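*Asks:* Quick one: the structure is below, questions incoming.
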Amino acid sequence: MHTNIQSKLPQVGTTIFTVMSALASAHNAINLGQGFPDFPMNNALIDLVAQAMKNGNNQYVHMCGLPLLRERIAEKVNLLYKSSVSPDTDITITPGGTYAIYTALTTILQPGDEVILFEPAYDSYIPNIEINGAIPVPISLQFPDYSIDWAVVKEKVNKKTKAIIINTPHNPTGSVLSDNDINQLRSIVKDTGIFIISDEVYEHLIFDNKVHCSMLRYPDLLERSFVCFSFGKVYHCTGWKLGYCIAPEKLMKEFRKVHQFNCFTCNGPSQYALAAFLEDKEPYLQLGSFLQQKRDYFKQNMSQTKFIPLPSFGSYFQLYSYANISEENENDFAVRLTKEAGVATIPVAAFYKNPVDNKVLRFCFAKKEATLDEAANRLIQYLG
Ligand code: PMP
Ligand code: GLN
């Protein structure tokens, strides 16, 4: 008998994050590629998980997430965005933000539907669309500020458009949506059945006094939105893979139908811990300034190199142009820097369906100062 899988994702290889992390480790390079902090998470939160386990909270929690954690999230959303969401009907705890996005897309998509997204785009979006038999409609953000050309969006919207994916603060560029973007989005989706998938995993990582334009702030947009978050990004514990989705009851009801037969429920002890820890607002309220300092520290170090920074107003990431350093394409240059300079980054071309070559690399600055120092020193030494 021949077993033969007809691939659901024939064009997909291994994600760039895994590829570059493996290369970094093979060459003992400093890993500024994959986005994760190298500084420790809060010890009190670790103790709370241990405590939850010792208290015997080791069995399945509610399918939609620990009720107390959902209550705490609803309180936080009310505080930050003046939005009233129901912990019972509008919030579901998920194993990370990526899963929340996948589940939202799987909930709404039928074969042949079109989904508009903006490139460079987080690399899970397109496979998530295609695995559902739907069609990705990528629109390039405008280089070099990576803003959205809303006239192009208007052109691309048609009867088959089922959803628009937005991501603010944006991975990989660090751009953030403005009030004007929100108004443009509003005028495009008004009187249509278009859903919004809003990837807000970097909600707190926003700099220079910018305000996070969460879909949770706008009732007319929220009514058609699945808003996705990640605890990993808030509490420096990406390995926990825990997040949540917020959507109006009618949408969330269908989301939960998909969720219940995929993951059913997420890790319990960490939900007990997060429910207790969320009462303290300080850790998430100071995140923006904490990461802004890291961005500025890294930029200061990198100013001794020939790399040219592009603006970053949020996320973990800073883009650098190397146009005046090398003619190589992004992938070749990123591989060479990893192997020979000992610094791993991500080629931004990896975030496009049809690669473009703007000669830009993504650096993750969510690292200890010593790591950022060493990375810049290695680049200075290697490139002169
Ligand atoms: N969206 C974006 C843009 C991200 O960078 C990440 C981080 N990996 C996620 C979603 C999801 O994060 P996680 O699944 O690790 O919670
Ligand atoms: N979000 C992180 C990044 O963009 C890593 C995600 C992953 O490895 N899947 O680098």
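Chain labels follow the order of the structure tokens: the first chain is A, the next B, and so on; residue numbering restarts at 1 in every chain, and ligands are counted from 1 in their shown order.
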Report the closest atom pair, with its distance in Å rounded to one decimal, for each residue of chain A that has an atom no farther than 10 Å from ligand 1; count only C-alpha atoms and all ligand atoms, sort by chain and then rising residue number, and write it as CSV.
*Replies:*
```
residue,atom,partner,partner_atom_place_in_ligand_line,distance
A:Phe17,CA,ligand 1,8 (N),9.4
A:Gln34,CA,ligand 1,8 (N),8.5
A:Gly35,CA,ligand 1,8 (N),6.9
A:Phe36,CA,ligand 1,8 (N),8.2
A:Thr94,CA,ligand 1,16 (O),8.6
A:Pro95,CA,ligand 1,14 (O),7.0
A:Gly96,CA,ligand 1,16 (O),3.3
A:Gly97,CA,ligand 1,16 (O),3.7
A:Thr98,CA,ligand 1,14 (O),3.8
A:Tyr99,CA,ligand 1,14 (O),6.1
A:Ala100,CA,ligand 1,14 (O),7.7
A:Ile101,CA,ligand 1,10 (C),7.5
A:Tyr102,CA,ligand 1,14 (O),9.8
A:Ala121,CA,ligand 1,3 (C),7.7
A:Tyr122,CA,ligand 1,3 (C),5.1
A:Asp123,CA,ligand 1,3 (C),8.3
A:Ser124,CA,ligand 1,1 (N),8.1
A:Tyr125,CA,ligand 1,1 (N),8.8
A:Ile166,CA,ligand 1,3 (C),9.4
A:Asn167,CA,ligand 1,3 (C),6.4
A:Thr168,CA,ligand 1,3 (C),8.2
A:Pro169,CA,ligand 1,3 (C),8.2
A:His170,CA,ligand 1,3 (C),6.4
A:Asn171,CA,ligand 1,3 (C),4.8
A:Pro172,CA,ligand 1,3 (C),7.4
A:Ser198,CA,ligand 1,1 (N),9.4
A:Asp199,CA,ligand 1,1 (N),5.7
A:Glu200,CA,ligand 1,1 (N),7.2
A:Val201,CA,ligand 1,1 (N),5.7
A:Tyr202,CA,ligand 1,3 (C),7.5
A:Cys228,CA,ligand 1,10 (C),7.8
A:Phe229,CA,ligand 1,16 (O),6.9
A:Ser230,CA,ligand 1,16 (O),4.1
A:Phe231,CA,ligand 1,16 (O),6.4
A:Gly232,CA,ligand 1,16 (O),5.5
A:Lys233,CA,ligand 1,16 (O),7.0
A:Val234,CA,ligand 1,16 (O),9.6
A:Cys237,CA,ligand 1,15 (O),8.9
A:Thr238,CA,ligand 1,15 (O),5.4
A:Gly239,CA,ligand 1,15 (O),7.3
A:Trp240,CA,ligand 1,15 (O),8.1
A:Lys241,CA,ligand 1,16 (O),5.2
A:Leu242,CA,ligand 1,16 (O),5.8
A:Gly243,CA,ligand 1,16 (O),5.5
A:Tyr244,CA,ligand 1,16 (O),8.5
A:Ser315,CA,ligand 1,5 (O),8.0
A:Tyr316,CA,ligand 1,5 (O),8.5
A:Phe317,CA,ligand 1,5 (O),9.5
```
*Asks:* Which polymer residues have any atom within 12 Å of an atom of stretch 180-186 of chain A, counting only C-alpha atoms, with same-chain residues fewer than 5 positions away left out, as a PyMOL selection string?
*Replies:* chain A and resi 116+147-154+157+163-168+175+191-192+194-196+198+212-225
*Asks:* With distances taken over only C-alpha atoms and all ligand atoms, which of A:Leu9, A:Ile16, A:Leu287, A:Val258 is nearest to ligand 2?
*Replies:*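 Checking each candidate against ligand 2, we get A:Ile16 as the closest.
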*Asks:* Between atom CA of A:Ile131 and atom CA of A:Ser7, what is the spacing in Å?
*Replies:*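 Spanning atom CA of A:Ser7 to atom CA of A:Ile131 is a straight-line distance of 9.7 Å.
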*Asks:* Could you give me the residues within stretch 177-273 of chain A that DSSP places in alpha helix (DSSP H), as JSON, numbers by chain?
*Replies:* {"A": [179, 180, 181, 182, 183, 184, 185, 186, 187, 188, 189, 219, 220, 221, 222, 231, 232, 233, 234, 249, 250, 251, 252, 253, 254, 255, 256, 257, 258, 259, 260, 268, 269, 270, 271, 272, 273]}
